[in-house]
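Visitor: I am attaching a structure below and will ask some questions about it afterwards.
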Number of protein chains: 2
Amino acid sequence: MADNKLVREITSMDEDFAKWYTDICIKAELIDYSSVRGCMVIRPYGYAIWELIQKEMDSRFKKTGHQNVYMPMFIPESLLQKEKDHVEGFAPEVAWVTHGGNEKLEERMCVRPTSETLFCEHYKSIIHSYRDLPKLYNQWCSVVRWEKTTRPFLRSREFLWQEGHTIHATAEQAREETLKMLNVYADVLENCLAIPVVKGQKTEKERFAGAEDTYTIEALMHDGKALQSGTSHYFGDGFAKAFEIFYTDKDNRQVNPFQTSWGTTTRLIGAIIMTHGDDNGLVLPPAVAPIQAVVVPIAQHKEGVLDAAHKLAESLEGIRVICDDSEKSPGFKFAEYEMKGVPVRVEIGPKDIEAGQCVIVRRDNREKTVVAIENVKEAVEKALEDVRLALYNRALENRKNRTVDCLTLDDFVNTANSQEGFIRAMWCGDRECEDKLKEVAGVTSRCIPFGEEAIGDTCVCCGKPAKKLVYWGKAY
Amino acid sequence: MADNKLVREITSMDEDFAKWYTDICIKAELIDYSSVRGCMVIRPYGYAIWELIQKEMDSRFKKTGHQNVYMPMFIPESLLQKEKDHVEGFAPEVAWVTHGGNEKLEERMCVRPTSETLFCEHYKSIIHSYRDLPKLYNQWCSVVRWEKTTRPFLRSREFLWQEGHTIHATAEQAREETLKMLNVYADVLENCLAIPVVKGQKTEKERFAGAEDTYTIEALMHDGKALQSGTSHYFGDGFAKAFEIFYTDKDNRQVNPFQTSWGTTTRLIGAIIMTHGDDNGLVLPPAVAPIQAVVVPIAQHKEGVLDAAHKLAESLEGIRVICDDSEKSPGFKFAEYEMKGVPVRVEIGPKDIEAGQCVIVRRDNREKTVVAIENVKEAVEKALEDVRLALYNRALENRKNRTVDCLTLDDFVNTANSQEGFIRAMWCGDRECEDKLKEVAGVTSRCIPFGEEAIGDTCVCCGKPAKKLVYWGKAY
């Protein structure tokens, strides 16, 4: 049957999750490969999802007083080297430009892997007085990190992202900004992408190169692996000192300002696929679905059907809707739009028209509702909201089912070996224990969560006193 | 006086146009320089203008059926070399990436100077049947061309742009697309940027590398130099042949499709500056002004003034308005917002409040109108439209005054030496004459205009029969 053809081509999730993932990337027409190894072509459907994510993020950035800017894509080697920890973290994975046209450059430049150094140079040029602070900037661009193993959206040599960069008169203001933007990220993920997240702080080992503190939102994918989905960094005045950025305060003293940066990437598209997708393909949360509803006419050769279908689509104004009047069979269309994750399908055929009704089908659970044609808009709007909530709740349920508290090392190792998911366990704070847990259980610390109570008072690894509750897991 | 301070810092246009231009770029806070030679930092005010240009362009692209995509930023050398003319045109001015991390790449890659080759590779992967055509794509990104001499917005090593790329079943459809998008560009320039353009075709010498035909919109700057402001290329099936792109047509034959590409860049911000700016700074056409109106309270320490000013700003809903209640003097604020090119200023002081009125001042001619407070919204809207029209008409007038018809070579050379502007003259079509006119008069052919009548029948250079009317000029 034509309607099964597309679906048959996807590997099932349980059989091979990684293959299922790349199958969706290709079959839902999100990406294509190219001869540029480790980079991807983002196709119209994938890019439209990104544009919708951008819109949600950007409006929130602007509401919180941020302005967009654009820095050069190159960083001269000497500039990259100004902050010691930063260059150590990034130099091994950058792409180097050595020639312009036929001439060798006097100094090689890397393609930005992140732009802290460029922002610092700019701050130094424009910040003189306390009156010039704060500066709340954001940049939408692509960055390059020379990864060895790559995967569409999750880890590619080039990816699209936004990087916020702010600079403040006081440490307190910078710390407040760091957490404010983490909360903006959590808001977008939970309310727009229907992805529940654990908010928390990274351990020193997992911190961004050059940061004093890194905060993160961690999501759990359908297969039980964690995905770091957004990070926000507090830099203190470390970069300001390295770049000699000063401002004159109200008492006429020359002091260093304090900085933050924060970022999210096209990786979020990967998060959507792996949180909500199923064996029929992609499942999109309505807020970022390029097509929120598709009207499929049934027996469209019969008189009046196409007309009724088009009218139905027109009546859904304000919803991103299409009417597919192509000559493919309804079954083929069903499978196609399921593959593409369209949240709601509306079917209308001769019998429906006679009865003054249509059928609404939800993508997430295939639940069908018959509604009167005059009520279709409210019904589709309700279905969209129901889909969002159901996706969120299903993901939250999955996370709950896959989160285990462990009090002993044996329990920890056994749990890590027997299932994928989060392990909550107490940690003394020593890097040695963190390394050992990775060695014996294959997990990394995901974060020290906000607002969760301790589940014991000794380190799961060494047994010494411990005050920190940590989420551990295997991560993408 | 404080209100003259900012203005004094700008070189006057007549004294040194180039210096005046860069002064505005810096003082209106559009850009900053950085240690990355030939690249620029686009600051919030400059980037906000670009976002508004993007919005105007992007909505028109989507209305005409185009979809946004994203291709890798790198092009392997072997891919760039597939189309002979194309590589010859671009290879001398690309930046080469030779190392990833610490390893030398097996094949070096350039940072995209333009993405035809990447799109071709992708087309080859996704186009199989006539049912797959057309594909109407656009990409927003940055590109790199290793220029020797650079200037903010006009010519920089990295710049932001959009590049449209489309592929069609027939030559006719591709040709139609090429002109359709040229008209979209002309629409944005004339109606949003208030910049009149000459639409036409490039000569063979001035064609894009690899194109069969290149069309252009040419604008005349305040100083009489031409600025190529957008181009649209018809490729025929040349790229398709070079990249072996075929599709199966309705008769089951394997045939090559036909392609186009078209682009506009952040150079348009330079066009705005040089078309509308004056000795007080930037003058922005309202459609792309980040701030369309600024309310400046007069004697704001007096009771009720700040309140009235804020209420005035609130009543201007739908207009991009700010109320500047900072402690700077009104004169300083006037100069500052004139520098920033804000199209309309609204002043309100104690006497105005008493009389129930406010004062509207246009940026372009400083014309003042007193209006009743209750009519301020209509009055500001009218003023914005008046500014747009006046800017357009002033620019058109400048172009008319600076466009001269020449029938003889002597006249041509004298005109070119005595004034900057367009010269309209007949041309036989020979490259030799085109080269000679550059040599003796320092001008290049800007375009063969659409819909303008011949002004003679012999070539202005060689005297042989000529059917082509050409616009000539010195260009940025």
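So you can find residues: chains in the structure tokens are A, B, ... in the order shown, residues in each start at 1, and ligands are numbered from 1 in order.
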Would you please give, as a ChimeraX atom specification, all residues of stretch 325-365 of chain A that DSSP assigns to strand (DSSP E) based on the backbone?
Guide: /A:344-348,357-362
Visitor: Do a neighbour search on A:Gln254 at 12 Å with only C-alpha atoms, toss out local chain neighbours closer than 2 positions, and write the hits as a PyMOL selection string.
Guide: chain A and resi 127-130+169+241+244-252+256-257
Visitor: Those residues you just picked out, can you put them in a file as a compact mmCIF listing (two decimals), in the first residue's frame with N, CA, C and O atoms?
Guide:
```txt
# COMPACT_ATOMS: atom_id res chain seq x y z
N ILE A 127 33.22 50.94 25.65
CA ILE A 127 32.83 51.15 27.05
C ILE A 127 33.86 52.00 27.77
O ILE A 127 35.05 51.65 27.84
N HIS A 128 33.42 53.13 28.30
CA HIS A 128 34.33 54.03 28.98
C HIS A 128 33.82 54.38 30.38
O HIS A 128 34.57 54.44 31.32
N SER A 129 32.51 54.60 30.47
CA SER A 129 31.95 55.09 31.73
C SER A 129 30.84 54.15 32.21
O SER A 129 30.32 53.34 31.43
N TYR A 130 30.48 54.27 33.47
CA TYR A 130 29.36 53.47 33.99
C TYR A 130 28.08 53.74 33.20
O TYR A 130 27.17 52.91 33.16
N ALA A 169 28.00 46.50 35.14
CA ALA A 169 28.84 47.23 36.10
C ALA A 169 29.18 46.37 37.31
O ALA A 169 30.28 46.47 37.86
N LYS A 241 39.55 41.40 32.63
CA LYS A 241 40.95 41.56 33.05
C LYS A 241 41.89 41.15 31.91
O LYS A 241 42.84 41.86 31.59
N GLU A 244 41.72 43.78 29.32
CA GLU A 244 41.91 45.14 29.83
C GLU A 244 40.74 46.06 29.52
O GLU A 244 40.89 47.16 28.99
N ILE A 245 39.55 45.57 29.87
CA ILE A 245 38.34 46.40 29.72
C ILE A 245 38.08 47.08 31.07
O ILE A 245 37.96 46.41 32.09
N PHE A 246 38.04 48.39 31.06
CA PHE A 246 37.77 49.17 32.27
C PHE A 246 36.65 50.15 32.02
O PHE A 246 36.41 50.56 30.88
N TYR A 247 35.97 50.54 33.09
CA TYR A 247 35.07 51.68 32.98
C TYR A 247 35.27 52.57 34.20
O TYR A 247 35.75 52.12 35.24
N THR A 248 34.93 53.83 34.05
CA THR A 248 35.03 54.77 35.15
C THR A 248 33.73 54.73 35.94
O THR A 248 32.66 54.99 35.38
N ASP A 249 33.81 54.35 37.21
CA ASP A 249 32.57 54.25 37.98
C ASP A 249 32.17 55.63 38.53
O ASP A 249 32.82 56.63 38.26
N LYS A 250 31.07 55.65 39.32
CA LYS A 250 30.54 56.94 39.79
C LYS A 250 31.51 57.67 40.69
O LYS A 250 31.43 58.89 40.85
N ASP A 251 32.43 56.91 41.31
CA ASP A 251 33.44 57.54 42.18
C ASP A 251 34.73 57.81 41.43
O ASP A 251 35.79 58.02 42.03
N ASN A 252 34.61 57.77 40.10
CA ASN A 252 35.75 58.11 39.25
C ASN A 252 36.92 57.11 39.35
O ASN A 252 38.06 57.46 39.06
N ASN A 256 36.99 46.99 36.44
CA ASN A 256 36.62 46.02 35.41
C ASN A 256 35.14 45.70 35.50
O ASN A 256 34.61 45.48 36.59
N PRO A 257 34.47 45.63 34.36
CA PRO A 257 33.08 45.19 34.36
C PRO A 257 32.97 43.66 34.40
O PRO A 257 33.98 42.96 34.35
```
Visitor: Neighbours of B:Ala475 within 10 Å (only C-alpha atoms; same-chain residues fewer than 3 positions away dropped), as number ranges by chain?
Guide: B: 218-221, 224-228, 420-422, 442-446, 472
Visitor: Please, could you write that set of residues out with N, CA and C atoms as a short mmCIF file (atom, residue, chain, number, x, y, z; two decimals), in the first residue's frame?
Guide:
```cif
data_model
loop_
_atom_site.label_atom_id
_atom_site.label_comp_id
_atom_site.auth_asym_id
_atom_site.auth_seq_id
_atom_site.Cartn_x
_atom_site.Cartn_y
_atom_site.Cartn_z
N GLU B 218 20.69 49.86 -10.59
CA GLU B 218 21.78 50.80 -10.34
C GLU B 218 21.22 52.08 -9.71
N ALA B 219 21.81 52.47 -8.62
CA ALA B 219 21.37 53.70 -7.95
C ALA B 219 22.47 54.74 -8.06
N LEU B 220 22.07 56.03 -8.03
CA LEU B 220 23.08 57.09 -8.08
C LEU B 220 23.19 57.74 -6.70
N MET B 221 24.39 57.75 -6.18
CA MET B 221 24.61 58.30 -4.85
C MET B 221 24.65 59.83 -4.92
N GLY B 224 27.22 61.48 -7.02
CA GLY B 224 27.24 61.22 -8.45
C GLY B 224 27.88 59.90 -8.83
N LYS B 225 28.32 59.12 -7.82
CA LYS B 225 28.85 57.79 -8.17
C LYS B 225 27.71 56.78 -8.17
N ALA B 226 27.85 55.78 -9.04
CA ALA B 226 26.83 54.75 -9.14
C ALA B 226 27.08 53.66 -8.11
N LEU B 227 26.00 53.03 -7.67
CA LEU B 227 26.13 51.88 -6.77
C LEU B 227 25.25 50.75 -7.30
N GLN B 228 25.90 49.64 -7.69
CA GLN B 228 25.17 48.44 -8.07
C GLN B 228 24.51 47.91 -6.81
N GLU B 420 30.44 64.20 -11.95
CA GLU B 420 30.16 62.80 -11.63
C GLU B 420 28.68 62.55 -11.83
N GLY B 421 28.35 61.43 -12.46
CA GLY B 421 26.95 61.09 -12.65
C GLY B 421 26.83 60.03 -13.74
N PHE B 422 25.61 59.81 -14.18
CA PHE B 422 25.41 58.87 -15.27
C PHE B 422 25.62 59.57 -16.60
N GLY B 442 37.38 56.89 -17.66
CA GLY B 442 37.34 56.37 -16.29
C GLY B 442 35.99 55.82 -15.86
N VAL B 443 35.15 55.50 -16.82
CA VAL B 443 33.82 54.99 -16.44
C VAL B 443 33.64 53.54 -16.86
N THR B 444 32.70 52.87 -16.22
CA THR B 444 32.33 51.53 -16.63
C THR B 444 30.86 51.52 -17.06
N SER B 445 30.50 50.50 -17.82
CA SER B 445 29.09 50.40 -18.21
C SER B 445 28.32 49.94 -16.99
N ARG B 446 27.27 50.66 -16.64
CA ARG B 446 26.46 50.27 -15.49
C ARG B 446 25.35 49.30 -15.92
N TRP B 472 26.54 54.79 -18.32
CA TRP B 472 27.94 54.71 -17.92
C TRP B 472 28.17 55.53 -16.67
#
```
Visitor: In Å to one decimal, how far is atom CA of A:Cys192 from atom CA of A:Ala395?
Guide: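 So the answer is 13.6 Å.
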Visitor: Please provide as a list in words all residues within 9 Å of stretch 275-277 of chain B, with the sequence filter that same-chain residues fewer than 3 positions apart are discarded (counting only C-alpha atoms).
Guide: Tyr21, Ile24, Ala194, Ile195, Ala219, Leu220, Met221, His222, Asp223, Gly270, Ala271, Ile272, Asn280, Gly281, Leu282, Val283, Leu284, Pro285, Gly341, Asp364, Leu391, Tyr392, Arg394 and Ala395 of chain B
Visitor: Show me which bits of chain A are within 8 Å of chain B, counting only C-alpha atoms, as a PyMOL selection string.
Guide: chain A and resi 32+34-36+39-44+47-48+67-76+91-102+118+121-122+141+146+158
Visitor: Would you mind exporting the chosen residues as a PDB file, in the first residue's frame, restricted to C-alpha atoms?
Guide:
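Output file out-v7.pdb follows:
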```pdb
ATOM      1  CA  ASP A  32      20.620  16.630   3.199  1.00  0.00           C
ATOM      2  CA  SER A  34      26.839  17.329   1.081  1.00  0.00           C
ATOM      3  CA  SER A  35      30.465  16.827   0.105  1.00  0.00           C
ATOM      4  CA  VAL A  36      31.459  19.157   2.949  1.00  0.00           C
ATOM      5  CA  CYS A  39      28.361  19.880   7.683  1.00  0.00           C
ATOM      6  CA  MET A  40      24.735  19.625   6.632  1.00  0.00           C
ATOM      7  CA  VAL A  41      22.327  21.240   4.220  1.00  0.00           C
ATOM      8  CA  ILE A  42      19.314  22.464   6.192  1.00  0.00           C
ATOM      9  CA  ARG A  43      16.361  22.018   3.834  1.00  0.00           C
ATOM     10  CA  PRO A  44      13.273  24.282   3.753  1.00  0.00           C
ATOM     11  CA  TYR A  47      14.990  25.709   8.274  1.00  0.00           C
ATOM     12  CA  ALA A  48      11.350  26.746   8.770  1.00  0.00           C
ATOM     13  CA  GLN A  67      19.857  44.062  20.947  1.00  0.00           C
ATOM     14  CA  ASN A  68      21.138  42.084  17.980  1.00  0.00           C
ATOM     15  CA  VAL A  69      24.592  42.785  16.567  1.00  0.00           C
ATOM     16  CA  TYR A  70      26.963  41.127  14.125  1.00  0.00           C
ATOM     17  CA  MET A  71      30.665  40.469  14.724  1.00  0.00           C
ATOM     18  CA  PRO A  72      33.223  39.279  12.156  1.00  0.00           C
ATOM     19  CA  MET A  73      33.295  35.513  11.541  1.00  0.00           C
ATOM     20  CA  PHE A  74      37.075  35.382  11.874  1.00  0.00           C
ATOM     21  CA  ILE A  75      39.247  35.616  14.989  1.00  0.00           C
ATOM     22  CA  PRO A  76      42.959  36.416  14.599  1.00  0.00           C
ATOM     23  CA  ALA A  91      42.042  25.981  19.885  1.00  0.00           C
ATOM     24  CA  PRO A  92      42.098  22.191  19.336  1.00  0.00           C
ATOM     25  CA  GLU A  93      38.794  22.280  17.491  1.00  0.00           C
ATOM     26  CA  VAL A  94      38.860  25.333  15.258  1.00  0.00           C
ATOM     27  CA  ALA A  95      39.172  25.671  11.490  1.00  0.00           C
ATOM     28  CA  TRP A  96      42.114  27.843  10.431  1.00  0.00           C
ATOM     29  CA  VAL A  97      42.134  30.256   7.519  1.00  0.00           C
ATOM     30  CA  THR A  98      45.698  30.661   6.310  1.00  0.00           C
ATOM     31  CA  HIS A  99      45.342  32.196   2.848  1.00  0.00           C
ATOM     32  CA  GLY A 100      43.346  35.065   1.344  1.00  0.00           C
ATOM     33  CA  GLY A 101      43.196  34.638  -2.430  1.00  0.00           C
ATOM     34  CA  ASN A 102      46.710  33.640  -3.451  1.00  0.00           C
ATOM     35  CA  LEU A 118      35.473  39.522  19.525  1.00  0.00           C
ATOM     36  CA  GLU A 121      37.591  43.633  21.848  1.00  0.00           C
ATOM     37  CA  HIS A 122      34.464  45.583  20.917  1.00  0.00           C
ATOM     38  CA  CYS A 141      25.122  33.353  13.194  1.00  0.00           C
ATOM     39  CA  TRP A 146      36.058  20.779  14.051  1.00  0.00           C
ATOM     40  CA  GLU A 158      29.176  24.044  11.418  1.00  0.00           C
TER      41      GLU A 158
END
```
Visitor: Would you mind writing down, as a PyMOL selection string, each residue of stretch 51-170 of chain B that DSSP on the backbone assigns to alpha helix (DSSP H)?
Guide: chain B and resi 51-63+77-80+84-90+116-126
Visitor: Just the number, please: distance in Å from atom CA of A:Phe208 to atom CA of A:Met274, one decimal.
Guide: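 Separation of atom CA of A:Phe208 and atom CA of A:Met274: 24.8 Å.
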Visitor: Pick from B:Ile448, B:Val387, B:Ile360, B:Ala416: nearest to B:Arg345, with only C-alpha atoms counted?
Guide: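 Among the listed residues, B:Ile360 lies closest to B:Arg345.
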Visitor: Which distance in Å separates atom CA of A:Phe235 and atom CA of A:Gly164, to one decimal?
Guide: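 Answer for the atom CA of A:Phe235 to atom CA of A:Gly164 separation: 12.8 Å.
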Visitor: At a cut-off of 9 Å, using only C-alpha atoms, what residues contact A:Asp457? Leave out same-chain residues fewer than 5 positions from it and give the result as a list in words.
Guide: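 Within the cut-off, the hits are Met426, Trp427, Cys428, Gly463, Lys464, Pro465, Ala466, Lys467 and Lys468 of chain A.
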